[in-house]
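Raw entry32.cif, mmCIF, C-alpha atoms:
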```cif
data_start
loop_
_atom_site.label_atom_id
_atom_site.label_comp_id
_atom_site.auth_asym_id
_atom_site.auth_seq_id
_atom_site.Cartn_x
_atom_site.Cartn_y
_atom_site.Cartn_z
CA MET A 1 92.53 205.16 262.92
CA ALA A 2 95.31 207.47 264.13
CA LEU A 3 93.39 208.11 267.35
CA PHE A 4 93.05 204.36 267.98
CA LEU A 5 96.78 203.89 267.37
CA LYS A 6 97.63 206.74 269.73
CA ILE A 7 95.37 205.31 272.48
CA SER A 8 96.86 201.83 271.98
CA ILE A 9 100.40 203.15 272.33
CA TRP A 10 99.51 205.10 275.49
CA GLY A 11 97.79 202.03 276.92
CA LEU A 12 100.82 199.90 276.17
CA TRP A 13 103.08 202.43 277.91
CA VAL A 14 100.81 202.49 280.97
CA VAL A 15 100.84 198.68 281.20
CA LEU A 16 104.61 198.61 280.76
CA ILE A 17 105.17 201.23 283.46
CA LEU A 18 102.80 199.40 285.84
CA ALA A 19 104.67 196.15 285.25
CA MET A 20 108.00 197.85 285.95
CA VAL A 21 106.64 199.42 289.16
CA LEU A 22 105.32 196.04 290.32
CA PHE A 23 108.66 194.40 289.53
CA LEU A 24 110.51 197.15 291.42
CA CYS A 25 108.18 196.82 294.44
CA PHE A 26 108.69 193.07 294.48
CA GLY A 27 112.47 193.53 294.33
CA VAL A 28 112.41 196.06 297.18
CA ARG A 29 110.24 193.71 299.24
CA VAL A 30 112.64 190.78 298.73
CA LEU A 31 115.63 192.99 299.54
CA LEU A 32 114.01 194.29 302.74
CA ARG A 33 113.05 190.80 303.87
CA TRP A 34 116.61 189.65 303.29
CA LEU A 35 118.13 192.65 305.10
CA PHE A 36 115.86 192.35 308.15
CA SER A 37 115.97 188.57 308.43
CA ARG A 38 117.80 186.99 311.32
CA THR A 39 120.93 185.06 310.66
CA ALA A 40 121.07 181.48 311.78
CA ALA A 41 122.99 180.59 314.93
CA THR A 42 125.07 178.12 312.97
CA ARG A 43 125.95 178.86 309.41
CA GLU A 44 124.95 176.18 306.99
CA LYS A 45 127.41 175.16 304.36
CA ILE A 46 126.43 176.67 301.04
CA ASP A 47 126.05 174.13 298.29
CA ARG A 48 127.78 175.76 295.35
CA ASN A 49 127.20 172.87 292.95
CA ARG A 50 123.43 172.83 293.28
CA LEU A 51 122.80 174.59 289.99
CA THR A 52 125.21 172.41 288.04
CA ARG A 53 123.71 169.25 289.55
CA ARG A 54 120.26 170.43 288.59
CA ILE A 55 121.40 171.22 285.03
CA ARG A 56 123.07 167.80 284.74
CA ARG A 57 119.91 166.12 285.99
CA TRP A 58 117.85 167.97 283.36
CA ILE A 59 120.32 167.03 280.64
CA ARG A 60 120.16 163.35 281.66
CA PHE A 61 116.36 163.50 281.72
CA LEU A 62 116.14 165.14 278.29
CA ALA A 63 118.69 162.72 276.82
CA GLY A 64 116.72 159.77 278.16
CA LEU A 65 113.48 161.22 276.83
CA TYR A 66 115.09 161.77 273.43
CA GLY A 67 116.39 158.22 273.45
CA LYS A 68 112.96 156.81 274.21
CA LEU A 69 111.09 158.95 271.71
CA PHE A 70 113.31 159.32 268.67
CA LYS A 71 115.88 156.53 268.55
CA PRO A 72 114.70 153.41 266.80
CA GLY A 73 115.06 150.63 269.30
CA SER A 74 115.04 146.95 268.78
CA PRO A 75 111.90 145.17 269.94
CA PRO A 76 112.23 143.82 273.47
CA GLY A 77 113.99 140.50 273.81
CA SER A 78 113.04 137.68 276.13
CA ILE A 79 114.96 139.21 279.05
CA GLN A 80 112.96 142.44 278.79
CA LEU A 81 109.75 140.45 278.44
CA TYR A 82 110.56 138.46 281.58
CA SER A 83 111.32 141.65 283.50
CA ALA A 84 107.95 142.99 282.30
CA LEU A 85 106.38 139.75 283.60
CA LEU A 86 108.10 140.29 286.95
CA ARG A 87 106.77 143.86 287.08
CA TRP A 88 103.28 142.68 286.10
CA GLY A 89 103.38 140.00 288.80
CA ARG A 90 104.57 142.49 291.42
CA HIS A 91 101.73 144.86 290.53
CA SER A 92 99.32 141.94 290.68
CA GLY A 93 100.37 140.99 294.20
CA VAL A 94 102.61 138.02 293.37
CA VAL A 95 106.14 139.17 294.17
CA ALA A 96 109.03 137.06 292.93
CA ASP A 97 111.19 135.56 295.65
CA PRO A 98 114.90 136.10 294.93
CA SER A 99 115.63 132.44 295.65
CA GLU A 100 113.10 130.98 293.20
CA THR A 101 113.82 130.16 289.60
CA PRO A 102 111.85 131.69 286.74
CA LEU A 103 110.10 128.34 286.27
CA GLU A 104 108.96 128.26 289.90
CA TYR A 105 107.79 131.85 289.72
CA GLY A 106 105.90 131.06 286.53
CA ARG A 107 104.18 128.12 288.26
CA ARG A 108 103.15 130.37 291.13
CA LEU A 109 101.78 132.95 288.71
CA LYS A 110 99.89 130.26 286.76
CA ARG A 111 98.30 129.02 289.99
CA GLN A 112 96.93 132.50 290.66
CA PHE A 113 95.98 133.35 287.07
CA ARG A 114 94.85 130.12 285.41
CA PRO A 115 93.50 131.71 282.18
CA LEU A 116 96.96 133.17 281.49
CA ALA A 117 98.94 129.93 281.85
CA GLU A 118 99.89 129.75 278.19
CA GLU A 119 101.16 133.34 278.04
CA ILE A 120 103.18 132.93 281.24
CA ASP A 121 104.66 129.65 279.97
CA THR A 122 105.69 131.27 276.70
CA ILE A 123 107.53 134.16 278.34
CA VAL A 124 109.25 131.98 280.97
CA ALA A 125 110.29 129.38 278.38
CA LEU A 126 111.80 132.03 276.09
CA PHE A 127 113.67 133.56 279.01
CA ASN A 128 115.04 130.20 280.16
CA ARG A 129 116.05 129.29 276.62
CA GLN A 130 117.95 132.55 276.12
CA VAL A 131 119.59 132.85 279.55
CA TYR A 132 120.33 129.24 280.41
CA GLY A 133 120.39 127.60 276.99
CA GLN A 134 122.16 130.44 275.15
CA ARG A 135 119.69 130.07 272.26
CA PHE A 136 118.13 133.29 271.08
CA PRO A 137 114.43 133.21 270.16
CA HIS A 138 113.10 133.80 266.66
CA ARG A 139 111.09 136.88 265.76
CA GLN A 140 107.85 134.92 265.66
CA GLN A 141 108.41 133.57 269.18
CA LEU A 142 109.16 137.07 270.47
CA SER A 143 106.08 138.51 268.80
CA ASP A 144 103.95 135.72 270.31
CA ALA A 145 105.39 136.48 273.74
CA ARG A 146 104.77 140.23 273.29
CA LEU A 147 101.20 139.48 272.28
CA GLY A 148 100.84 137.29 275.36
CA LEU A 149 102.12 140.09 277.57
CA ARG A 150 99.61 142.46 275.99
CA ARG A 151 96.85 139.91 276.66
CA MET A 152 97.94 139.76 280.29
CA GLN A 153 97.54 143.52 280.61
CA ARG A 154 94.02 143.69 279.27
CA PRO A 155 91.43 145.45 281.44
CA ALA A 156 89.26 142.33 281.79
CA LEU A 157 91.84 140.92 284.22
CA TRP A 158 92.15 144.01 286.40
CA LEU A 159 89.42 142.85 288.76
CA SER A 160 91.08 139.50 289.45
CA ARG A 161 94.46 141.20 289.90
CA LEU A 162 92.94 143.71 292.32
CA LYS A 163 91.15 140.97 294.25
CA LEU A 164 94.37 138.99 294.60
CA ARG A 165 96.20 142.09 295.75
CA MET A 166 93.57 142.95 298.36
CA MET A 167 93.10 139.41 299.73
CA PRO A 168 96.35 137.44 299.63
#
```

Rewrite the structure of this file - the entire thing - as structure tokens.
Amino acid sequence: MALFLKISIWGLWVVLILAMVLFLCFGVRVLLRWLFSRTAATREKIDRNRLTRRIRRWIRFLAGLYGKLFKPGSPPGSIQLYSALLRWGRHSGVVADPSETPLEYGRRLKRQFRPLAEEIDTIVALFNRQVYGQRFPHRQQLSDARLGLRRMQRPALWLSRLKLRMMP
């Protein structure tokens, strides 16, 4: 047992020394490349805030990720559902024109996707009622609209969405 321990310790030392030699060789190589490199004809301005910008970007990313994963959020309202409908339509090849109303866009979507007319109507009606009528939908109406949006995203419709996108 003592012999095995002694061999293990010697092996660990050999690996540690080899790692240090490799690290030293790499450092010497980088130093030599830097010393023998040509300087640019025009000096570029050194960005001194690059590291802090990168750290801030990581902090914003992690804060957003934390907010999405751990903070209890309210279920999406009709505005979020309508924006999801816009995104779904854009991915399906029916892009909303900025000059058309939600009702007109819903009609255009219903013309392209006839089996989903009821779901599209529900989402557009809730959006219009909340934005233009200032009446907020009930929980049951929102859950029906969310269910309709989930029905719209089912894989059975992917082929028709792809066909519409390929042949406008």

Find the residues around stretch 96-101 of chain A up to 12 Å (only C-alpha atoms counted), leave out those fewer than 5 positions away in its own chain, and share them as a PDB file with C-alpha atoms, in the coordinates of the input.
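Written output follows (part_24.pdb):
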```pdb
ATOM      1  CA  TYR A  82     110.560 138.460 281.580  1.00  0.00           C
ATOM      2  CA  SER A  83     111.320 141.650 283.500  1.00  0.00           C
ATOM      3  CA  LEU A  85     106.380 139.750 283.600  1.00  0.00           C
ATOM      4  CA  LEU A  86     108.100 140.290 286.950  1.00  0.00           C
ATOM      5  CA  ARG A  87     106.770 143.860 287.080  1.00  0.00           C
ATOM      6  CA  TRP A  88     103.280 142.680 286.100  1.00  0.00           C
ATOM      7  CA  GLY A  89     103.380 140.000 288.800  1.00  0.00           C
ATOM      8  CA  ARG A  90     104.570 142.490 291.420  1.00  0.00           C
ATOM      9  CA  HIS A  91     101.730 144.860 290.530  1.00  0.00           C
ATOM     10  CA  GLY A 106     105.900 131.060 286.530  1.00  0.00           C
ATOM     11  CA  ARG A 107     104.180 128.120 288.260  1.00  0.00           C
ATOM     12  CA  ARG A 108     103.150 130.370 291.130  1.00  0.00           C
ATOM     13  CA  LEU A 109     101.780 132.950 288.710  1.00  0.00           C
ATOM     14  CA  VAL A 124     109.250 131.980 280.970  1.00  0.00           C
ATOM     15  CA  ALA A 125     110.290 129.380 278.380  1.00  0.00           C
ATOM     16  CA  PHE A 127     113.670 133.560 279.010  1.00  0.00           C
ATOM     17  CA  ASN A 128     115.040 130.200 280.160  1.00  0.00           C
ATOM     18  CA  VAL A 131     119.590 132.850 279.550  1.00  0.00           C
ATOM     19  CA  TYR A 132     120.330 129.240 280.410  1.00  0.00           C
TER      20      TYR A 132
END
```

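Considering the residues A:Met152, A:Leu3, A:Cys25, A:Leu12 and counting all atoms listed in the file, A:Ala84 has its shortest atom-to-atom contact with A:Met152.
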
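Closest approach to A:Gln80 among A:Leu126, A:Arg135, A:Ile17, A:Pro155: A:Leu126, based on only C-alpha atoms.
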
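Atom pair atom CA of A:Leu32 / atom CA of A:Met20 has a distance of 18.2 Å (rounded to one decimal).
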
Could I get stretch 11-162 of chain A from the block written out with C-alpha atoms, as an mmCIF file, in the first residue's frame?
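Written out: part.cif:
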```cif
data_model
loop_
_atom_site.group_PDB
_atom_site.id
_atom_site.type_symbol
_atom_site.label_atom_id
_atom_site.label_comp_id
_atom_site.auth_asym_id
_atom_site.auth_seq_id
_atom_site.Cartn_x
_atom_site.Cartn_y
_atom_site.Cartn_z
ATOM 1 C CA GLY A 11 3.157 10.368 -10.764
ATOM 2 C CA LEU A 12 1.210 13.385 -9.562
ATOM 3 C CA TRP A 13 4.419 15.404 -9.294
ATOM 4 C CA VAL A 14 5.457 14.393 -12.819
ATOM 5 C CA VAL A 15 2.073 15.435 -14.230
ATOM 6 C CA LEU A 16 2.201 18.720 -12.316
ATOM 7 C CA ILE A 17 5.716 19.511 -13.546
ATOM 8 C CA LEU A 18 4.748 18.647 -17.142
ATOM 9 C CA ALA A 19 1.720 20.931 -16.910
ATOM 10 C CA MET A 20 3.883 23.765 -15.589
ATOM 11 C CA VAL A 21 6.443 23.260 -18.374
ATOM 12 C CA LEU A 22 3.686 23.299 -20.999
ATOM 13 C CA PHE A 23 2.201 26.453 -19.478
ATOM 14 C CA LEU A 24 5.638 28.107 -19.431
ATOM 15 C CA CYS A 25 6.288 27.119 -23.075
ATOM 16 C CA PHE A 26 2.935 28.522 -24.103
ATOM 17 C CA GLY A 27 3.662 31.778 -22.271
ATOM 18 C CA VAL A 28 7.088 32.089 -23.913
ATOM 19 C CA ARG A 29 5.539 31.418 -27.318
ATOM 20 C CA VAL A 30 2.893 34.128 -26.836
ATOM 21 C CA LEU A 31 5.528 36.571 -25.579
ATOM 22 C CA LEU A 32 7.817 35.896 -28.554
ATOM 23 C CA ARG A 33 4.970 36.276 -31.042
ATOM 24 C CA TRP A 34 4.041 39.578 -29.451
ATOM 25 C CA LEU A 35 7.643 40.843 -29.394
ATOM 26 C CA PHE A 36 8.347 39.925 -33.026
ATOM 27 C CA SER A 37 5.017 41.045 -34.431
ATOM 28 C CA ARG A 38 4.886 44.090 -36.653
ATOM 29 C CA THR A 39 3.165 47.168 -35.418
ATOM 30 C CA ALA A 40 0.347 48.560 -37.475
ATOM 31 C CA ALA A 41 0.959 51.611 -39.643
ATOM 32 C CA THR A 42 -1.868 53.415 -37.914
ATOM 33 C CA ARG A 43 -2.508 52.800 -34.279
ATOM 34 C CA GLU A 44 -6.009 51.718 -33.492
ATOM 35 C CA LYS A 45 -7.733 53.286 -30.571
ATOM 36 C CA ILE A 46 -7.750 50.881 -27.653
ATOM 37 C CA ASP A 47 -11.190 50.207 -26.285
ATOM 38 C CA ARG A 48 -10.687 50.359 -22.542
ATOM 39 C CA ASN A 49 -14.334 49.707 -21.674
ATOM 40 C CA ARG A 50 -14.604 46.418 -23.522
ATOM 41 C CA LEU A 51 -14.349 44.276 -20.417
ATOM 42 C CA THR A 52 -16.872 46.326 -18.460
ATOM 43 C CA ARG A 53 -19.314 46.262 -21.387
ATOM 44 C CA ARG A 54 -18.951 42.513 -21.612
ATOM 45 C CA ILE A 55 -19.524 42.128 -17.857
ATOM 46 C CA ARG A 56 -22.603 44.369 -18.018
ATOM 47 C CA ARG A 57 -23.955 42.359 -20.934
ATOM 48 C CA TRP A 58 -23.500 39.124 -18.942
ATOM 49 C CA ILE A 59 -25.188 40.654 -15.912
ATOM 50 C CA ARG A 60 -28.164 41.763 -18.030
ATOM 51 C CA PHE A 61 -28.367 38.309 -19.606
ATOM 52 C CA LEU A 62 -28.241 36.521 -16.248
ATOM 53 C CA ALA A 63 -30.782 38.917 -14.718
ATOM 54 C CA GLY A 64 -33.152 38.314 -17.624
ATOM 55 C CA LEU A 65 -32.663 34.568 -17.359
ATOM 56 C CA TYR A 66 -33.332 34.716 -13.625
ATOM 57 C CA GLY A 67 -36.454 36.772 -14.246
ATOM 58 C CA LYS A 68 -37.771 34.278 -16.764
ATOM 59 C CA LEU A 69 -36.988 31.187 -14.722
ATOM 60 C CA PHE A 70 -37.625 32.060 -11.096
ATOM 61 C CA LYS A 71 -39.967 35.025 -10.826
ATOM 62 C CA PRO A 72 -43.629 34.123 -10.833
ATOM 63 C CA GLY A 73 -45.151 35.993 -13.715
ATOM 64 C CA SER A 74 -48.719 36.695 -14.463
ATOM 65 C CA PRO A 75 -50.199 34.698 -17.320
ATOM 66 C CA PRO A 76 -50.017 36.543 -20.624
ATOM 67 C CA GLY A 77 -52.744 39.078 -21.261
ATOM 68 C CA SER A 78 -54.496 39.706 -24.535
ATOM 69 C CA ILE A 79 -51.764 42.077 -25.737
ATOM 70 C CA GLN A 80 -49.113 39.384 -25.296
ATOM 71 C CA LEU A 81 -51.383 36.846 -26.970
ATOM 72 C CA TYR A 82 -51.889 39.156 -29.947
ATOM 73 C CA SER A 83 -48.139 39.722 -30.238
ATOM 74 C CA ALA A 84 -47.710 35.929 -30.183
ATOM 75 C CA LEU A 85 -50.317 35.755 -32.973
ATOM 76 C CA LEU A 86 -48.337 38.336 -34.954
ATOM 77 C CA ARG A 87 -45.156 36.299 -34.460
ATOM 78 C CA TRP A 88 -46.963 33.094 -35.449
ATOM 79 C CA GLY A 89 -48.335 34.775 -38.571
ATOM 80 C CA ARG A 90 -44.923 36.145 -39.505
ATOM 81 C CA HIS A 91 -43.379 32.686 -39.159
ATOM 82 C CA SER A 92 -46.227 31.269 -41.221
ATOM 83 C CA GLY A 93 -45.602 33.675 -44.085
ATOM 84 C CA VAL A 94 -48.429 36.145 -43.412
ATOM 85 C CA VAL A 95 -46.716 39.332 -42.270
ATOM 86 C CA ALA A 96 -48.853 42.038 -40.701
ATOM 87 C CA ASP A 97 -48.940 45.309 -42.610
ATOM 88 C CA PRO A 98 -48.372 48.282 -40.289
ATOM 89 C CA SER A 99 -51.361 50.089 -41.782
ATOM 90 C CA GLU A 100 -53.907 47.317 -41.211
ATOM 91 C CA THR A 101 -56.007 46.924 -38.108
ATOM 92 C CA PRO A 102 -55.921 43.770 -35.993
ATOM 93 C CA LEU A 103 -59.340 42.842 -37.393
ATOM 94 C CA GLU A 104 -58.096 43.089 -40.987
ATOM 95 C CA TYR A 105 -54.998 41.087 -40.159
ATOM 96 C CA GLY A 106 -57.157 38.463 -38.475
ATOM 97 C CA ARG A 107 -59.331 38.232 -41.607
ATOM 98 C CA ARG A 108 -56.253 37.743 -43.754
ATOM 99 C CA LEU A 109 -54.979 35.022 -41.428
ATOM 100 C CA LYS A 110 -58.387 33.304 -41.411
ATOM 101 C CA ARG A 111 -58.404 33.284 -45.222
ATOM 102 C CA GLN A 112 -55.093 31.424 -45.234
ATOM 103 C CA PHE A 113 -55.822 29.109 -42.292
ATOM 104 C CA ARG A 114 -59.537 28.299 -42.388
ATOM 105 C CA PRO A 115 -59.486 25.575 -39.682
ATOM 106 C CA LEU A 116 -58.090 28.108 -37.193
ATOM 107 C CA ALA A 117 -60.709 30.819 -37.732
ATOM 108 C CA GLU A 118 -62.229 30.462 -34.273
ATOM 109 C CA GLU A 119 -58.873 30.672 -32.470
ATOM 110 C CA ILE A 120 -57.793 33.714 -34.491
ATOM 111 C CA ASP A 121 -61.145 35.417 -33.854
ATOM 112 C CA THR A 122 -60.855 34.823 -30.120
ATOM 113 C CA ILE A 123 -57.383 36.345 -29.831
ATOM 114 C CA VAL A 124 -58.180 39.347 -32.057
ATOM 115 C CA ALA A 125 -61.472 40.034 -30.257
ATOM 116 C CA LEU A 126 -59.803 39.962 -26.835
ATOM 117 C CA PHE A 127 -57.071 42.288 -28.055
ATOM 118 C CA ASN A 128 -59.558 44.751 -29.553
ATOM 119 C CA ARG A 129 -61.686 44.664 -26.415
ATOM 120 C CA GLN A 130 -58.716 45.409 -24.156
ATOM 121 C CA VAL A 131 -56.929 48.008 -26.302
ATOM 122 C CA TYR A 132 -59.823 49.860 -27.896
ATOM 123 C CA GLY A 133 -62.663 49.137 -25.482
ATOM 124 C CA GLN A 134 -60.615 49.404 -22.270
ATOM 125 C CA ARG A 135 -62.328 46.259 -20.949
ATOM 126 C CA PHE A 136 -60.004 43.645 -19.548
ATOM 127 C CA PRO A 137 -60.797 39.994 -20.317
ATOM 128 C CA HIS A 138 -61.766 37.440 -17.697
ATOM 129 C CA ARG A 139 -59.498 34.551 -16.762
ATOM 130 C CA GLN A 140 -61.644 32.062 -18.651
ATOM 131 C CA GLN A 141 -61.442 34.121 -21.844
ATOM 132 C CA LEU A 142 -57.667 34.386 -21.511
ATOM 133 C CA SER A 143 -57.300 30.661 -20.899
ATOM 134 C CA ASP A 144 -59.470 29.943 -23.965
ATOM 135 C CA ALA A 145 -57.281 32.247 -26.047
ATOM 136 C CA ARG A 146 -54.094 30.612 -24.712
ATOM 137 C CA LEU A 147 -55.525 27.212 -25.562
ATOM 138 C CA GLY A 148 -56.350 28.486 -29.043
ATOM 139 C CA LEU A 149 -52.795 29.727 -29.496
ATOM 140 C CA ARG A 150 -51.496 26.322 -28.420
ATOM 141 C CA ARG A 151 -53.836 24.683 -30.955
ATOM 142 C CA MET A 152 -52.441 26.966 -33.639
ATOM 143 C CA GLN A 153 -48.914 25.791 -32.868
ATOM 144 C CA ARG A 154 -49.634 22.097 -33.123
ATOM 145 C CA PRO A 155 -47.415 20.067 -35.478
ATOM 146 C CA ALA A 156 -50.342 18.991 -37.674
ATOM 147 C CA LEU A 157 -50.427 22.521 -39.138
ATOM 148 C CA TRP A 158 -46.716 22.794 -39.866
ATOM 149 C CA LEU A 159 -47.113 21.420 -43.378
ATOM 150 C CA SER A 160 -49.745 23.990 -44.364
ATOM 151 C CA ARG A 161 -47.683 26.780 -42.804
ATOM 152 C CA LEU A 162 -44.586 25.633 -44.681
#
```
